[in-house]
$ cat target-v1.tsv   # TSV, C-alpha atoms and all ligand atoms
chain	number	residue	atom	x	y	z
A	1	MET	CA	-5.41	88.30	-129.83
A	2	PRO	CA	-3.52	91.46	-128.91
A	3	LEU	CA	-1.19	91.28	-125.97
A	4	SER	CA	-2.61	93.78	-123.53
A	5	VAL	CA	-0.78	95.38	-120.66
A	6	GLU	CA	-2.46	97.29	-117.87
A	7	LYS	CA	-2.32	101.06	-117.84
A	8	ILE	CA	-0.23	102.58	-115.07
A	9	GLU	CA	-1.24	105.28	-112.57
A	10	ASP	CA	1.98	107.23	-112.05
A	11	GLY	CA	5.28	106.65	-113.74
A	12	SER	CA	6.84	106.38	-117.17
A	13	VAL	CA	6.05	104.54	-120.38
A	14	ILE	CA	8.87	104.21	-122.87
A	15	ASP	CA	7.23	103.40	-126.17
A	16	HIS	CA	8.63	102.80	-129.66
A	17	ILE	CA	11.79	101.11	-128.40
A	18	THR	CA	13.72	99.42	-131.21
A	19	ALA	CA	12.57	95.79	-131.07
A	20	GLY	CA	14.90	93.67	-128.96
A	21	HIS	CA	16.22	96.55	-126.88
A	22	GLY	CA	13.62	96.65	-124.10
A	23	LEU	CA	15.83	94.60	-121.79
A	24	HIS	CA	18.70	96.99	-122.30
A	25	VAL	CA	16.37	99.89	-121.46
A	26	LEU	CA	15.45	98.13	-118.20
A	27	ALA	CA	19.16	97.74	-117.44
A	28	ILE	CA	19.75	101.44	-118.11
A	29	LEU	CA	16.90	102.25	-115.73
A	30	LYS	CA	18.54	99.95	-113.16
A	31	ILE	CA	15.41	97.91	-112.81
A	32	ASP	CA	16.21	94.61	-111.14
A	33	GLU	CA	14.68	92.24	-108.56
A	34	LYS	CA	14.97	94.93	-105.88
A	35	TYR	CA	12.58	97.30	-107.63
A	36	ALA	CA	9.25	97.23	-105.79
A	37	GLY	CA	6.98	98.99	-108.31
A	38	ARG	CA	5.06	97.38	-111.14
A	39	VAL	CA	7.07	96.96	-114.31
A	40	ALA	CA	5.99	95.71	-117.71
A	41	LEU	CA	8.18	94.78	-120.63
A	42	VAL	CA	6.51	94.04	-123.93
A	43	MET	CA	8.68	92.77	-126.73
A	44	ASN	CA	8.14	92.51	-130.47
A	45	VAL	CA	4.67	94.00	-130.66
A	46	PRO	CA	3.47	95.32	-134.01
A	47	SER	CA	4.00	99.00	-134.70
A	48	LYS	CA	2.65	100.99	-137.64
A	49	THR	CA	5.83	103.00	-138.03
A	50	MET	CA	8.50	100.54	-136.90
A	51	GLY	CA	7.25	97.12	-137.91
A	52	LYS	CA	7.99	95.74	-134.45
A	53	LYS	CA	8.75	97.52	-131.21
A	54	ASP	CA	9.30	97.00	-127.49
A	55	ILE	CA	7.52	98.92	-124.72
A	56	VAL	CA	8.59	99.41	-121.10
A	57	LYS	CA	6.22	100.64	-118.39
A	58	ILE	CA	7.44	101.54	-114.92
A	59	GLU	CA	5.18	102.51	-112.11
A	60	GLY	CA	6.73	105.03	-109.73
A	61	LYS	CA	9.69	106.21	-111.80
A	62	ILE	CA	10.10	109.47	-113.68
A	63	ILE	CA	12.90	109.45	-116.23
A	64	ASP	CA	15.39	112.30	-116.09
A	65	GLU	CA	17.27	113.88	-118.96
A	66	LYS	CA	20.53	112.01	-118.50
A	67	THR	CA	18.69	108.71	-118.53
A	68	ALA	CA	16.76	109.81	-121.63
A	69	ASP	CA	20.12	110.42	-123.39
A	70	LYS	CA	21.23	106.88	-122.61
A	71	ILE	CA	17.97	105.48	-123.91
A	72	ALA	CA	18.34	107.54	-127.11
A	73	VAL	CA	21.63	105.83	-127.93
A	74	ILE	CA	20.11	102.37	-127.96
A	75	ALA	CA	16.54	103.28	-128.98
A	76	PRO	CA	16.65	106.41	-131.17
A	77	HIS	CA	12.91	106.42	-131.84
A	78	ALA	CA	11.77	105.97	-128.26
A	79	THR	CA	8.95	108.10	-126.92
A	80	LEU	CA	8.93	109.01	-123.24
A	81	ASN	CA	5.47	109.30	-121.78
A	82	ILE	CA	5.10	110.60	-118.25
A	83	ILE	CA	1.92	109.36	-116.60
A	84	LYS	CA	0.31	111.19	-113.69
A	85	LYS	CA	-2.96	110.11	-112.12
A	86	GLY	CA	-3.55	107.74	-115.01
A	87	GLU	CA	-3.14	110.39	-117.73
A	88	VAL	CA	-0.29	111.05	-120.16
A	89	THR	CA	0.99	114.45	-118.97
A	90	SER	CA	3.97	114.68	-121.31
A	91	LYS	CA	5.21	112.90	-124.40
A	92	ASN	CA	8.70	113.49	-125.74
A	93	GLN	CA	10.78	111.93	-128.43
A	94	VAL	CA	14.25	111.12	-127.11
A	95	GLU	CA	17.11	112.97	-128.78
A	96	MET	CA	20.43	111.45	-129.70
A	97	PRO	CA	23.12	113.26	-127.71
A	98	SER	CA	26.44	114.12	-129.35
A	99	LYS	CA	28.43	113.26	-126.23
A	100	LEU	CA	27.95	111.09	-123.14
A	101	VAL	CA	30.07	112.08	-120.15
A	102	GLY	CA	30.31	109.91	-117.05
A	103	VAL	CA	27.53	107.63	-118.19
A	104	PHE	CA	28.89	104.36	-119.56
A	105	LYS	CA	32.03	102.46	-118.61
A	106	CYS	CA	34.66	101.96	-121.29
A	107	PRO	CA	34.71	98.22	-122.15
A	108	ASN	CA	38.44	98.39	-122.88
A	109	PRO	CA	40.17	96.96	-119.75
A	110	LYS	CA	43.36	98.86	-120.62
A	111	CYS	CA	41.61	102.21	-120.99
A	112	VAL	CA	42.85	104.86	-118.56
A	113	THR	CA	39.24	105.44	-117.47
A	114	THR	CA	39.18	101.78	-116.32
A	115	THR	CA	42.55	101.76	-114.57
A	116	GLU	CA	42.18	105.17	-112.97
A	117	LYS	CA	39.26	107.08	-111.58
A	118	ILE	CA	38.52	109.22	-114.60
A	119	GLU	CA	35.08	110.12	-115.83
A	120	THR	CA	34.37	108.44	-119.15
A	121	ASP	CA	33.68	110.51	-122.23
A	122	PHE	CA	32.14	109.02	-125.35
A	123	GLU	CA	31.47	110.83	-128.56
A	124	VAL	CA	28.45	109.66	-130.55
A	125	GLU	CA	29.99	109.22	-133.98
A	126	LYS	CA	27.13	108.75	-136.32
A	127	ARG	CA	23.84	110.48	-135.75
A	128	SER	CA	21.93	107.66	-137.35
A	129	GLU	CA	20.17	104.41	-136.58
A	130	ASN	CA	23.23	102.64	-135.16
A	131	PRO	CA	25.68	105.17	-133.81
A	132	ASN	CA	29.19	104.20	-132.83
A	133	MET	CA	30.54	105.50	-129.57
A	134	ARG	CA	34.13	106.65	-129.52
A	135	CYS	CA	35.99	106.76	-126.22
A	136	ALA	CA	37.78	110.10	-125.99
A	137	TYR	CA	40.62	108.46	-124.01
A	138	CYS	CA	41.52	105.18	-125.72
A	139	GLU	CA	39.83	106.21	-128.99
A	140	ARG	CA	38.28	102.80	-129.48
A	141	THR	CA	34.77	102.71	-130.85
A	142	PHE	CA	31.97	100.58	-129.50
A	143	THR	CA	28.41	99.82	-130.44
A	144	PRO	CA	25.80	101.00	-127.94
A	145	GLU	CA	25.15	97.34	-127.05
A	146	GLU	CA	28.72	96.96	-125.85
A	147	LEU	CA	28.42	99.82	-123.40
A	148	ARG	CA	27.28	99.08	-119.87
A	149	GLU	CA	27.21	101.20	-116.80
B	201	LIG	N1	-0.25	104.41	-120.98
B	201	LIG	C1	-0.24	103.67	-119.79
B	201	LIG	N2	-0.96	104.10	-118.71
B	201	LIG	C2	-1.71	105.21	-118.77
B	201	LIG	C3	-1.74	105.98	-119.96
B	201	LIG	C4	-0.98	105.55	-121.05
B	201	LIG	O1	0.43	102.66	-119.71
B	201	LIG	N3	-2.41	105.55	-117.70
B	201	LIG	C5	0.56	103.95	-122.11
B	201	LIG	C6	-0.23	103.54	-123.32
B	201	LIG	O2	-0.58	102.17	-123.21
B	201	LIG	C7	0.74	103.79	-124.46
B	201	LIG	C8	1.59	104.96	-123.95
B	201	LIG	O3	1.37	105.03	-122.55
B	201	LIG	O4	1.61	102.66	-124.61
B	201	LIG	C9	1.20	106.28	-124.58
B	201	LIG	O5	-0.15	106.50	-124.37
B	201	LIG	P1	-1.03	107.31	-125.41
B	201	LIG	O6	-0.37	108.59	-125.73
B	201	LIG	O7	-2.41	107.35	-124.89
B	201	LIG	O8	-1.01	106.26	-126.64
B	201	LIG	P2	-0.78	106.53	-128.20
B	201	LIG	O9	-1.63	107.68	-128.65
B	201	LIG	O10	-0.96	105.22	-128.87
B	201	LIG	O11	0.75	106.94	-128.25
B	201	LIG	P3	1.62	107.42	-129.53
B	201	LIG	O12	0.81	108.47	-130.21
B	201	LIG	O13	2.88	107.95	-128.90
B	201	LIG	O14	1.86	106.18	-130.35
B	202	ZN	ZN	38.35	103.95	-123.42

$ encode --input "target-v1.tsv" --output "structure tokens" --more "lines below"
Ligand code: CTP
Ligand code: ZN
Amino acid sequence: MPLSVEKIEDGSVIDHITAGHGLHVLAILKIDEKYAGRVALVMNVPSKTMGKKDIVKIEGKIIDEKTADKIAVIAPHATLNIIKKGEVTSKNQVEMPSKLVGVFKCPNPKCVTTTEKIETDFEVEKRSENPNMRCAYCERTFTPEELRE
């Protein structure tokens, strides 16, 4: 039997998330126990184009461009659907940015961006399925999974 999830009234649906990355998308959206709106996370559902995918639905949140960039790094095929009054009013494929400024923390404890108040700056090294992120300051590279806010 298919796993069905209710439609939402107003908010965002992030579809076609690389399977296994839905939780990371929720973290990027800062969804935690304090969030009052309805939230659905569906993991490992069948997808015609991706084999398996995750889906995140959030009532009451519209995703901005900076957040969409972060999602693109961990889920390059994600589709952002904005829902208004129960209808999909826009559908956009996320786009892998070439640079992420002031978004993620550098995981290197010795990095100058960690020890001093400097805005982080990561270059997206490979515009492919699994990009590496290079810190412009300490020059270490990290996988998107290693980067947290
Ligand atoms: N959705 C929702 N609530 C609504 C409308 C849509 O939760 N009121 C969800 C759907 O369940 C789907 C996503 O938003 O997961 C996109 O909806 P839609 O464009 O109608 O679905 P598809 O045509 O299957 O999307 P795509 O073509 O992007 O695969
Ligand atoms: Zn660094």

$ residues_around --input "target-v1.tsv" --residues "Lys99 of chain A" --least-positions-apart "2" --cutoff "9 Å" --atoms "all atoms listed in the file" --output "tab-separated table (two decimals) with C-alpha atoms, keeping the file's coordinate frame"
chain	number	residue	atom	x	y	z
A	96	MET	CA	20.43	111.45	-129.70
A	97	PRO	CA	23.12	113.26	-127.71
A	101	VAL	CA	30.07	112.08	-120.15
A	121	ASP	CA	33.68	110.51	-122.23
A	122	PHE	CA	32.14	109.02	-125.35
A	123	GLU	CA	31.47	110.83	-128.56
A	124	VAL	CA	28.45	109.66	-130.55
A	125	GLU	CA	29.99	109.22	-133.98
A	133	MET	CA	30.54	105.50	-129.57

$ residues_near_ligand --input "target-v1.tsv" --ligand "ligand LIG 201 (chain B)" --cutoff "6 Å" --atoms "all atoms listed in the file" --output "PyMOL selection string"
chain A and resi 7-9+13+15+81+83+86-88

$ atom_distance --input "target-v1.tsv" --atom1 "atom CA of Asn44 of chain A" --atom2 "atom CA of Lys70 of chain A"
21.0 Å

$ residues_around --input "target-v1.tsv" --residues "Gly37 of chain A" --least-positions-apart "3" --cutoff "9 Å" --atoms "all atoms listed in the file" --output "compact mmCIF listing (two decimals) with C-alpha atoms, in the frame of the given file"
# COMPACT_ATOMS: atom_id res chain seq x y z
CA ILE A 58 7.44 101.54 -114.92
CA GLU A 59 5.18 102.51 -112.11
CA GLY A 60 6.73 105.03 -109.73
CA LYS A 61 9.69 106.21 -111.80

$ closest_residue --input "target-v1.tsv" --among "A:Val103, A:Ile17, A:Ile82, A:Val5" --to "Thr49 of chain A" --atoms "all atoms listed in the file"
A:Ile17

$ residues_around --input "target-v1.tsv" --residues "Leu23 of chain A" --least-positions-apart "3" --cutoff "12 Å" --atoms "all atoms listed in the file" --output "list in words"
Ile14, Ile17, Thr18, Ala19, Gly20, Leu26, Ala27, Ile28, Leu29, Lys30, Ile31, Asp32, Val39, Ala40, Leu41, Val42, Met43, Asn44, Asp54, Ile55, Val56, Lys57, Ile71, Ile74, Ala75 and Glu145 of chain A

$ residues_near_ligand --input "target-v1.tsv" --ligand "ligand ZN 202 (chain B)" --cutoff "12 Å" --atoms "all atoms listed in the file" --output "ChimeraX atom specification"
/A:102,104-116,118-123,133-142,147

$ atom_distance --input "target-v1.tsv" --atom1 "atom CA of Glu149 of chain A" --atom2 "atom CA of Lys66 of chain A"
12.8 Å

$ atom_distance --input "target-v1.tsv" --atom1 "atom CA of Val94 of chain A" --atom2 "atom CA of Pro76 of chain A"
6.7 Å

$ closest_residue --input "target-v1.tsv" --among "A:Leu3, A:Asn130, A:Ile62, A:Arg38" --to "Thr89 of chain A" --atoms "all atoms listed in the file"
A:Ile62

$ closest_residue --input "target-v1.tsv" --among "A:Glu33, A:Asp64, A:Glu95, A:Asp10" --to "Ala78 of chain A" --atoms "only C-alpha atoms"
A:Glu95

$ residues_around --input "target-v1.tsv" --residues "Ile63 of chain A" --least-positions-apart "3" --cutoff "8 Å" --atoms "all atoms listed in the file" --output "list in words"
Ser12, Thr67 and Ala68 of chain A

$ decode --input "target-v1.tsv" --residues "segment 25-60 of chain A" --atoms "N, CA, C and O atoms" --output "short mmCIF file (atom, residue, chain, number, x, y, z; two decimals), in the first residue's frame"
data_model
loop_
_atom_site.label_atom_id
_atom_site.label_comp_id
_atom_site.auth_asym_id
_atom_site.auth_seq_id
_atom_site.Cartn_x
_atom_site.Cartn_y
_atom_site.Cartn_z
N VAL A 25 17.73 18.07 5.31
CA VAL A 25 16.94 19.21 4.81
C VAL A 25 16.15 19.83 5.97
O VAL A 25 16.12 21.06 6.11
N LEU A 26 15.57 19.02 6.83
CA LEU A 26 14.85 19.56 7.99
C LEU A 26 15.79 20.37 8.88
O LEU A 26 15.42 21.43 9.40
N ALA A 27 17.02 19.90 9.04
CA ALA A 27 18.00 20.62 9.86
C ALA A 27 18.33 21.97 9.21
O ALA A 27 18.38 23.00 9.89
N ILE A 28 18.51 21.97 7.89
CA ILE A 28 18.80 23.21 7.18
C ILE A 28 17.64 24.19 7.34
O ILE A 28 17.84 25.40 7.47
N LEU A 29 16.43 23.68 7.37
CA LEU A 29 15.25 24.54 7.53
C LEU A 29 15.01 24.94 8.99
O LEU A 29 14.05 25.63 9.29
N LYS A 30 15.91 24.43 9.86
CA LYS A 30 15.80 24.70 11.30
C LYS A 30 14.47 24.25 11.88
O LYS A 30 13.87 24.92 12.71
N ILE A 31 14.00 23.13 11.40
CA ILE A 31 12.77 22.57 11.95
C ILE A 31 13.15 21.68 13.13
O ILE A 31 13.91 20.73 12.98
N ASP A 32 12.65 22.06 14.31
CA ASP A 32 12.89 21.23 15.49
C ASP A 32 11.60 21.19 16.32
O ASP A 32 10.54 21.57 15.83
N GLU A 33 11.70 20.75 17.56
CA GLU A 33 10.50 20.57 18.40
C GLU A 33 9.75 21.87 18.64
O GLU A 33 8.58 21.85 19.02
N LYS A 34 10.41 23.00 18.40
CA LYS A 34 9.75 24.29 18.65
C LYS A 34 8.84 24.72 17.50
O LYS A 34 8.04 25.63 17.64
N TYR A 35 8.99 24.08 16.36
CA TYR A 35 8.19 24.48 15.20
C TYR A 35 6.75 24.03 15.39
O TYR A 35 6.48 22.86 15.64
N ALA A 36 5.81 24.99 15.25
CA ALA A 36 4.41 24.70 15.59
C ALA A 36 3.60 24.17 14.42
O ALA A 36 2.55 23.54 14.62
N GLY A 37 4.05 24.42 13.18
CA GLY A 37 3.27 24.01 12.02
C GLY A 37 3.37 22.51 11.74
O GLY A 37 4.20 21.82 12.31
N ARG A 38 2.52 22.04 10.85
CA ARG A 38 2.57 20.62 10.48
C ARG A 38 3.77 20.36 9.59
O ARG A 38 4.07 21.14 8.69
N VAL A 39 4.44 19.28 9.86
CA VAL A 39 5.63 18.91 9.08
C VAL A 39 5.54 17.43 8.75
O VAL A 39 5.16 16.62 9.60
N ALA A 40 5.86 17.08 7.52
CA ALA A 40 5.92 15.67 7.16
C ALA A 40 7.27 15.37 6.52
O ALA A 40 7.79 16.14 5.72
N LEU A 41 7.84 14.26 6.93
CA LEU A 41 9.07 13.76 6.31
C LEU A 41 8.77 12.35 5.81
O LEU A 41 8.32 11.51 6.58
N VAL A 42 8.96 12.16 4.53
CA VAL A 42 8.78 10.83 3.96
C VAL A 42 10.13 10.38 3.43
O VAL A 42 10.79 11.12 2.69
N MET A 43 10.54 9.20 3.83
CA MET A 43 11.85 8.73 3.41
C MET A 43 11.74 7.48 2.55
O MET A 43 10.88 6.63 2.79
N ASN A 44 12.63 7.40 1.58
CA ASN A 44 12.77 6.19 0.77
C ASN A 44 11.49 5.76 0.05
O ASN A 44 11.16 4.57 0.02
N VAL A 45 10.79 6.73 -0.52
CA VAL A 45 9.63 6.36 -1.33
C VAL A 45 10.07 6.18 -2.78
O VAL A 45 11.03 6.79 -3.23
N PRO A 46 9.38 5.33 -3.52
CA PRO A 46 9.78 5.09 -4.90
C PRO A 46 9.64 6.34 -5.77
O PRO A 46 8.70 7.12 -5.58
N SER A 47 10.58 6.53 -6.67
CA SER A 47 10.53 7.64 -7.61
C SER A 47 10.88 7.10 -8.99
O SER A 47 11.80 6.30 -9.13
N LYS A 48 10.13 7.56 -9.99
CA LYS A 48 10.39 7.09 -11.36
C LYS A 48 11.78 7.48 -11.82
O LYS A 48 12.47 6.73 -12.49
N THR A 49 12.20 8.70 -11.47
CA THR A 49 13.47 9.19 -12.00
C THR A 49 14.66 8.88 -11.08
O THR A 49 15.79 8.81 -11.55
N MET A 50 14.41 8.73 -9.78
CA MET A 50 15.52 8.62 -8.85
C MET A 50 15.64 7.27 -8.16
O MET A 50 16.53 7.08 -7.33
N GLY A 51 14.76 6.35 -8.46
CA GLY A 51 14.76 5.09 -7.74
C GLY A 51 14.04 5.26 -6.41
O GLY A 51 12.89 4.87 -6.24
N LYS A 52 14.72 5.93 -5.46
CA LYS A 52 14.13 6.26 -4.18
C LYS A 52 14.34 7.74 -3.91
O LYS A 52 15.31 8.33 -4.38
N LYS A 53 13.43 8.32 -3.13
CA LYS A 53 13.60 9.74 -2.80
C LYS A 53 12.99 10.02 -1.43
O LYS A 53 12.22 9.22 -0.90
N ASP A 54 13.33 11.17 -0.88
CA ASP A 54 12.70 11.68 0.34
C ASP A 54 11.86 12.90 -0.03
O ASP A 54 12.14 13.57 -1.05
N ILE A 55 10.85 13.17 0.76
CA ILE A 55 9.99 14.35 0.56
C ILE A 55 9.82 15.04 1.91
O ILE A 55 9.64 14.37 2.93
N VAL A 56 9.86 16.36 1.91
CA VAL A 56 9.61 17.14 3.12
C VAL A 56 8.48 18.12 2.83
O VAL A 56 8.50 18.80 1.81
N LYS A 57 7.49 18.14 3.72
CA LYS A 57 6.38 19.10 3.58
C LYS A 57 6.32 19.95 4.84
O LYS A 57 6.34 19.41 5.94
N ILE A 58 6.24 21.24 4.66
CA ILE A 58 6.19 22.15 5.81
C ILE A 58 5.08 23.15 5.64
O ILE A 58 5.10 23.97 4.73
N GLU A 59 4.14 23.06 6.54
CA GLU A 59 3.03 24.01 6.54
C GLU A 59 3.53 25.32 7.16
O GLU A 59 4.17 25.32 8.22
N GLY A 60 3.26 26.42 6.47
CA GLY A 60 3.55 27.73 7.06
C GLY A 60 4.96 28.23 6.85
O GLY A 60 5.39 29.17 7.51
#
